[in-house]
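Presented below is the structure to which this report refers.
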Amino acid sequence: MPPRAPRSSTPRYGLARVLSKRGLCSRSQGEKAVREGRVRVDGRLVRDPEFPVAGHERVELDGAGAEAATSVYVALNKPRGLLVTASDERGRDTVYGLLEGAGLPWLGAVGRLDKASEGLLLISNDTVWAAGITEPSTHVPKTYHVQVAGHPDDGTVAAMLTGVVDQGEPLRAGAASVLRRGDKTAWLAVTLDEGRNRHIRRLMQALGFDVLRLVRVAIGDLSLGTLGKGQWRHLTADEVAALRRRGGSGSSPRTLRRGRGE
């Protein structure tokens, strides 16, 4: 029989959620590990991902103590063509290949960029911090530089701010401006304070413009800066704290979300 949880007034969380909160894996990976019989609580095998844990119990993953991992915060300049996923069933290249050999613990993407998009991507094992950035209610702004075919005018910019409805979803920009115009294309600066799936691409398509390139250049006050394509760096303590403030108190016990930004 599975072990019975002790009665206590201490707040308790599901076992898979505890593994995620400790920065050891994602919630779904934790659920999989528990069901596969890789997790023990106080020496007893537990296969229920929702088994309640108060925090004082000894939790073991793959035979090793599952203490909270040191928090790691990474900024990465995602190149075009890489997937933002830990693994791909078709064997395609992912952003995690850029981190191989660095000796980092498990890390999860804080939001995402689609395969064709580029630029600033945050990766961390601090799931509470990450949730504060990706949670729609916190409205942490993300800024993009967007190359489109054609020449959007002031009317286009006004329409981006007013918004459109596409497939039943409202799509709008929090801020938009024309950066420069070429012979056949133009670059726009677009800021979103909430993101839906392929938000900018769908918004521009609805207004008659195809997106040629999409580069995320800032999240909150953190800018991509001079970080080279395919390169990454650790965030400073001040940068982590600034994003924590933008994301609210960060006290909500959530897992990393697959935020939808561009």
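Every chain in the structure tokens has a letter given in the order shown (A, B, ...), and although residue numbers restart at 1 in each chain, ligands are simply numbered from 1 in the order shown.
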
DSSP on the backbone: which residues in segment 30-253 of chain A end up as alpha helix (DSSP H)? Give the answer as an mmCIF file with N, CA, C and O atoms, in the first residue's frame.
data_model
loop_
_atom_site.group_PDB
_atom_site.id
_atom_site.type_symbol
_atom_site.label_atom_id
_atom_site.label_comp_id
_atom_site.auth_asym_id
_atom_site.auth_seq_id
_atom_site.Cartn_x
_atom_site.Cartn_y
_atom_site.Cartn_z
ATOM 1 N N GLY A 30 8.232 15.888 -13.522
ATOM 2 C CA GLY A 30 8.063 15.353 -12.179
ATOM 3 C C GLY A 30 6.970 14.306 -12.119
ATOM 4 O O GLY A 30 7.114 13.259 -11.477
ATOM 5 N N GLU A 31 5.854 14.580 -12.789
ATOM 6 C CA GLU A 31 4.758 13.608 -12.828
ATOM 7 C C GLU A 31 5.219 12.304 -13.457
ATOM 8 O O GLU A 31 4.900 11.216 -12.973
ATOM 9 N N LYS A 32 5.985 12.415 -14.533
ATOM 10 C CA LYS A 32 6.489 11.224 -15.229
ATOM 11 C C LYS A 32 7.436 10.430 -14.330
ATOM 12 O O LYS A 32 7.360 9.197 -14.247
ATOM 13 N N ALA A 33 8.332 11.133 -13.631
ATOM 14 C CA ALA A 33 9.289 10.465 -12.760
ATOM 15 C C ALA A 33 8.585 9.719 -11.630
ATOM 16 O O ALA A 33 8.959 8.593 -11.284
ATOM 17 N N VAL A 34 7.555 10.346 -11.054
ATOM 18 C CA VAL A 34 6.821 9.699 -9.967
ATOM 19 C C VAL A 34 6.113 8.448 -10.471
ATOM 20 O O VAL A 34 6.192 7.371 -9.856
ATOM 21 N N ARG A 35 5.446 8.558 -11.597
ATOM 22 C CA ARG A 35 4.705 7.400 -12.133
ATOM 23 C C ARG A 35 5.651 6.265 -12.529
ATOM 24 O O ARG A 35 5.263 5.091 -12.492
ATOM 25 N N THR A 127 10.960 28.316 -10.653
ATOM 26 C CA THR A 127 9.643 28.285 -11.284
ATOM 27 C C THR A 127 8.720 29.393 -10.789
ATOM 28 O O THR A 127 7.856 29.848 -11.528
ATOM 29 N N VAL A 128 8.897 29.818 -9.547
ATOM 30 C CA VAL A 128 8.060 30.903 -9.025
ATOM 31 C C VAL A 128 8.433 32.228 -9.701
ATOM 32 O O VAL A 128 7.567 33.002 -10.116
ATOM 33 N N TRP A 129 9.716 32.498 -9.813
ATOM 34 C CA TRP A 129 10.201 33.697 -10.514
ATOM 35 C C TRP A 129 9.714 33.701 -11.958
ATOM 36 O O TRP A 129 9.235 34.703 -12.468
ATOM 37 N N ALA A 130 9.837 32.550 -12.603
ATOM 38 C CA ALA A 130 9.419 32.442 -13.997
ATOM 39 C C ALA A 130 7.927 32.698 -14.160
ATOM 40 O O ALA A 130 7.494 33.379 -15.094
ATOM 41 N N ALA A 131 7.126 32.163 -13.243
ATOM 42 C CA ALA A 131 5.684 32.348 -13.335
ATOM 43 C C ALA A 131 5.302 33.819 -13.221
ATOM 44 O O ALA A 131 4.361 34.276 -13.872
ATOM 45 N N GLY A 132 6.042 34.577 -12.410
ATOM 46 C CA GLY A 132 5.757 35.999 -12.283
ATOM 47 C C GLY A 132 5.985 36.758 -13.577
ATOM 48 O O GLY A 132 5.347 37.778 -13.834
ATOM 49 N N ILE A 133 6.904 36.259 -14.416
ATOM 50 C CA ILE A 133 7.196 36.919 -15.683
ATOM 51 C C ILE A 133 6.214 36.505 -16.766
ATOM 52 O O ILE A 133 5.799 37.315 -17.594
ATOM 53 N N THR A 134 5.791 35.242 -16.753
ATOM 54 C CA THR A 134 4.933 34.730 -17.822
ATOM 55 C C THR A 134 3.443 34.849 -17.524
ATOM 56 O O THR A 134 2.634 34.779 -18.440
ATOM 57 N N ASP A 154 1.280 55.493 -40.738
ATOM 58 C CA ASP A 154 0.747 55.865 -39.427
ATOM 59 C C ASP A 154 -0.587 55.190 -39.155
ATOM 60 O O ASP A 154 -0.909 54.855 -38.003
ATOM 61 N N GLY A 155 -1.368 54.982 -40.218
ATOM 62 C CA GLY A 155 -2.649 54.298 -40.050
ATOM 63 C C GLY A 155 -2.464 52.854 -39.590
ATOM 64 O O GLY A 155 -3.243 52.343 -38.767
ATOM 65 N N THR A 156 -1.421 52.198 -40.110
ATOM 66 C CA THR A 156 -1.130 50.830 -39.695
ATOM 67 C C THR A 156 -0.753 50.790 -38.220
ATOM 68 O O THR A 156 -1.226 49.938 -37.459
ATOM 69 N N VAL A 157 0.110 51.726 -37.814
ATOM 70 C CA VAL A 157 0.521 51.774 -36.418
ATOM 71 C C VAL A 157 -0.682 52.013 -35.513
ATOM 72 O O VAL A 157 -0.839 51.364 -34.467
ATOM 73 N N ALA A 158 -1.558 52.919 -35.903
ATOM 74 C CA ALA A 158 -2.769 53.187 -35.108
ATOM 75 C C ALA A 158 -3.635 51.939 -35.013
ATOM 76 O O ALA A 158 -4.185 51.624 -33.947
ATOM 77 N N ALA A 159 -3.745 51.193 -36.119
ATOM 78 C CA ALA A 159 -4.548 49.974 -36.120
ATOM 79 C C ALA A 159 -3.932 48.903 -35.229
ATOM 80 O O ALA A 159 -4.653 48.110 -34.596
ATOM 81 N N MET A 160 -2.608 48.860 -35.154
ATOM 82 C CA MET A 160 -1.940 47.905 -34.269
ATOM 83 C C MET A 160 -2.276 48.187 -32.810
ATOM 84 O O MET A 160 -2.449 47.273 -32.004
ATOM 85 N N LEU A 161 -2.372 49.466 -32.476
ATOM 86 C CA LEU A 161 -2.683 49.847 -31.098
ATOM 87 C C LEU A 161 -4.158 49.629 -30.776
ATOM 88 O O LEU A 161 -4.504 49.257 -29.644
ATOM 89 N N THR A 162 -5.022 49.856 -31.758
ATOM 90 C CA THR A 162 -6.453 49.626 -31.563
ATOM 91 C C THR A 162 -6.743 48.138 -31.468
ATOM 92 O O THR A 162 -7.534 47.678 -30.646
ATOM 93 N N HIS A 199 1.251 35.982 -31.757
ATOM 94 C CA HIS A 199 0.510 37.233 -31.607
ATOM 95 C C HIS A 199 0.869 38.253 -32.695
ATOM 96 O O HIS A 199 0.001 38.762 -33.410
ATOM 97 N N ILE A 200 2.153 38.577 -32.791
ATOM 98 C CA ILE A 200 2.557 39.635 -33.725
ATOM 99 C C ILE A 200 2.366 39.183 -35.165
ATOM 100 O O ILE A 200 1.904 39.959 -36.016
ATOM 101 N N ARG A 201 2.708 37.968 -35.465
ATOM 102 C CA ARG A 201 2.545 37.472 -36.842
ATOM 103 C C ARG A 201 1.082 37.534 -37.280
ATOM 104 O O ARG A 201 0.772 37.940 -38.404
ATOM 105 N N ARG A 202 0.200 37.120 -36.402
ATOM 106 C CA ARG A 202 -1.231 37.146 -36.739
ATOM 107 C C ARG A 202 -1.756 38.572 -36.842
ATOM 108 O O ARG A 202 -2.573 38.884 -37.712
ATOM 109 N N LEU A 203 -1.304 39.440 -35.945
ATOM 110 C CA LEU A 203 -1.734 40.834 -35.978
ATOM 111 C C LEU A 203 -1.313 41.490 -37.286
ATOM 112 O O LEU A 203 -2.124 42.143 -37.966
ATOM 113 N N MET A 204 -0.058 41.309 -37.672
ATOM 114 C CA MET A 204 0.418 41.934 -38.898
ATOM 115 C C MET A 204 -0.247 41.320 -40.130
ATOM 116 O O MET A 204 -0.561 42.027 -41.096
ATOM 117 N N GLN A 205 -0.460 40.023 -40.117
ATOM 118 C CA GLN A 205 -1.134 39.377 -41.242
ATOM 119 C C GLN A 205 -2.541 39.935 -41.413
ATOM 120 O O GLN A 205 -2.996 40.188 -42.543
ATOM 121 N N ALA A 206 -3.241 40.150 -40.301
ATOM 122 C CA ALA A 206 -4.590 40.706 -40.368
ATOM 123 C C ALA A 206 -4.599 42.114 -40.949
ATOM 124 O O ALA A 206 -5.601 42.541 -41.542
ATOM 125 N N ALA A 237 22.428 39.616 -10.096
ATOM 126 C CA ALA A 237 21.453 39.639 -9.005
ATOM 127 C C ALA A 237 20.484 40.811 -9.157
ATOM 128 O O ALA A 237 19.279 40.686 -8.881
ATOM 129 N N ASP A 238 20.992 41.946 -9.611
ATOM 130 C CA ASP A 238 20.118 43.108 -9.804
ATOM 131 C C ASP A 238 19.109 42.860 -10.922
ATOM 132 O O ASP A 238 17.949 43.274 -10.821
ATOM 133 N N GLU A 239 19.531 42.186 -11.992
ATOM 134 C CA GLU A 239 18.611 41.900 -13.094
ATOM 135 C C GLU A 239 17.521 40.925 -12.654
ATOM 136 O O GLU A 239 16.351 41.085 -13.001
ATOM 137 N N VAL A 240 17.913 39.924 -11.882
ATOM 138 C CA VAL A 240 16.937 38.963 -11.364
ATOM 139 C C VAL A 240 15.922 39.671 -10.480
ATOM 140 O O VAL A 240 14.705 39.457 -10.590
ATOM 141 N N ALA A 241 16.418 40.544 -9.597
ATOM 142 C CA ALA A 241 15.530 41.254 -8.678
ATOM 143 C C ALA A 241 14.595 42.199 -9.423
ATOM 144 O O ALA A 241 13.413 42.317 -9.079
ATOM 145 N N ALA A 242 15.105 42.869 -10.451
ATOM 146 C CA ALA A 242 14.267 43.801 -11.215
ATOM 147 C C ALA A 242 13.127 43.060 -11.910
ATOM 148 O O ALA A 242 11.982 43.527 -11.921
ATOM 149 N N LEU A 243 13.419 41.913 -12.492
ATOM 150 C CA LEU A 243 12.365 41.134 -13.143
ATOM 151 C C LEU A 243 11.407 40.557 -12.111
ATOM 152 O O LEU A 243 10.213 40.422 -12.383
ATOM 153 N N ARG A 244 11.912 40.230 -10.937
ATOM 154 C CA ARG A 244 11.031 39.751 -9.871
ATOM 155 C C ARG A 244 10.037 40.835 -9.477
ATOM 156 O O ARG A 244 8.856 40.576 -9.256
ATOM 157 N N ARG A 245 10.514 42.070 -9.397
ATOM 158 C CA ARG A 245 9.605 43.178 -9.061
ATOM 159 C C ARG A 245 8.577 43.394 -10.164
ATOM 160 O O ARG A 245 7.399 43.658 -9.883
ATOM 161 N N ARG A 246 9.018 43.312 -11.427
ATOM 162 C CA ARG A 246 8.074 43.496 -12.535
ATOM 163 C C ARG A 246 7.023 42.394 -12.551
ATOM 164 O O ARG A 246 5.885 42.603 -12.955
#

Which polymer residues have any atom within 10 Å of an atom of Val72 of chain A, counting only C-alpha atoms, with same-chain residues fewer than 3 positions away left out, as a count of residues only? 13

Find, counting only C-alpha atoms, the residue in A:Leu113, A:Leu99, A:Leu188, A:Val140 that gets nearest to Leu212 of chain A. A:Leu188

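Residue nearest Thr226 of chain A, chosen from A:Asp48, A:Leu61, A:Gly14, A:Leu76 and counting only C-alpha atoms: A:Leu76.
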
At a cut-off of 9 Å, using only C-alpha atoms, what residues contact Glu60 of chain A? Leave out same-chain residues fewer than 5 positions from it and give the result as a list in words. Arg38, Val39, Arg40, Val41, Asp42, Gly43, Gly65, Ala66 and Glu67 of chain A

Export of prior selection with N, CA, C and O atoms as an mmCIF file, in the first residue's frame:
data_model
loop_
_atom_site.group_PDB
_atom_site.id
_atom_site.type_symbol
_atom_site.label_atom_id
_atom_site.label_comp_id
_atom_site.auth_asym_id
_atom_site.auth_seq_id
_atom_site.Cartn_x
_atom_site.Cartn_y
_atom_site.Cartn_z
ATOM 1 N N ARG A 38 10.445 6.452 -9.732
ATOM 2 C CA ARG A 38 11.792 6.981 -9.504
ATOM 3 C C ARG A 38 11.880 7.872 -8.274
ATOM 4 O O ARG A 38 12.941 8.426 -7.980
ATOM 5 N N VAL A 39 10.765 8.005 -7.537
ATOM 6 C CA VAL A 39 10.722 8.949 -6.414
ATOM 7 C C VAL A 39 10.289 8.222 -5.139
ATOM 8 O O VAL A 39 9.331 7.432 -5.148
ATOM 9 N N ARG A 40 10.986 8.509 -4.054
ATOM 10 C CA ARG A 40 10.635 7.975 -2.747
ATOM 11 C C ARG A 40 10.422 9.128 -1.764
ATOM 12 O O ARG A 40 11.085 10.162 -1.850
ATOM 13 N N VAL A 41 9.505 8.911 -0.824
ATOM 14 C CA VAL A 41 9.239 9.872 0.241
ATOM 15 C C VAL A 41 9.462 9.161 1.567
ATOM 16 O O VAL A 41 8.803 8.148 1.854
ATOM 17 N N ASP A 42 10.424 9.665 2.338
ATOM 18 C CA ASP A 42 10.821 9.019 3.597
ATOM 19 C C ASP A 42 11.091 7.536 3.395
ATOM 20 O O ASP A 42 10.695 6.679 4.202
ATOM 21 N N GLY A 43 11.768 7.227 2.287
ATOM 22 C CA GLY A 43 12.190 5.854 2.023
ATOM 23 C C GLY A 43 11.165 4.983 1.343
ATOM 24 O O GLY A 43 11.469 3.855 0.950
ATOM 25 N N GLY A 65 19.074 12.440 -2.787
ATOM 26 C CA GLY A 65 18.253 13.416 -2.105
ATOM 27 C C GLY A 65 17.823 14.534 -3.038
ATOM 28 O O GLY A 65 18.656 15.061 -3.784
ATOM 29 N N ALA A 66 16.541 14.864 -3.002
ATOM 30 C CA ALA A 66 15.999 15.872 -3.925
ATOM 31 C C ALA A 66 15.872 17.217 -3.235
ATOM 32 O O ALA A 66 14.788 17.802 -3.154
ATOM 33 N N GLU A 67 16.990 17.721 -2.719
ATOM 34 C CA GLU A 67 16.983 19.041 -2.114
ATOM 35 C C GLU A 67 16.870 20.111 -3.209
ATOM 36 O O GLU A 67 17.160 19.856 -4.375
#

In Å, how far is it from atom CA of Val217 of chain A to atom CA of Pro170 of chain A? 23.5 Å

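Nearest to His151 of chain A of all the residues A:Glu118, A:Glu194, A:Asp210, A:Asp166 is A:Asp210, counting only C-alpha atoms.
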
I need the residues in segment 205-238 of chain A that are strand (DSSP E or B) according to DSSP; give them as a ChimeraX atom specification. /A:211-219,222-223,232-234

For atom CA of Asp183 of chain A and atom CA of His145 of chain A, the interatomic separation in Å (one decimal): 17.8 Å

Identify which of the residues A:Arg22, A:Asp62, A:Asp93, A:Gly230 lies closest to Leu45 of chain A, counting only C-alpha atoms when measuring atom-to-atom distances. A:Asp62

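If you measure from each of A:Gly63, A:Gly111, A:Gly168, A:Gly220 to Val84 of chain A using only C-alpha atoms, the closest one turns out to be A:Gly111.
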
Nearest to Ala116 of chain A: which of A:Ala218, A:Val46, A:Leu82, A:Leu179 is it, counting only C-alpha atoms? A:Leu82

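Contact shell of Ser87 of chain A at 12 Å (only C-alpha atoms; same-chain neighbours under 4 positions omitted): Gln29, Leu82, Leu83, Gly91, Arg92, Asp93, Thr94, Val95, Tyr96, Gly97 and Gly108 of chain A.
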
Quick one: everything within 10 Å of Ile219 of chain A, counting only C-alpha atoms, minus sequence neighbours fewer than 2 positions away in the same chain. Send it as a list of chain:residue names.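 Everything that qualifies: A:Leu120, A:Leu121, A:Leu122, A:Ile133, A:Val140, A:Pro141, A:Lys142, A:Thr143, A:Tyr144, A:Thr191, A:Leu192, A:Asp193, A:Arg216, A:Val217, A:Asp221, A:Leu222, A:Ser223, A:Leu224, A:Leu243, A:Arg246.
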
Between atom CA of Pro79 of chain A and atom CA of Ser117 of chain A, what is the spacing in Å?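 Going from atom CA of Ser117 of chain A over to atom CA of Pro79 of chain A covers 7.6 Å.
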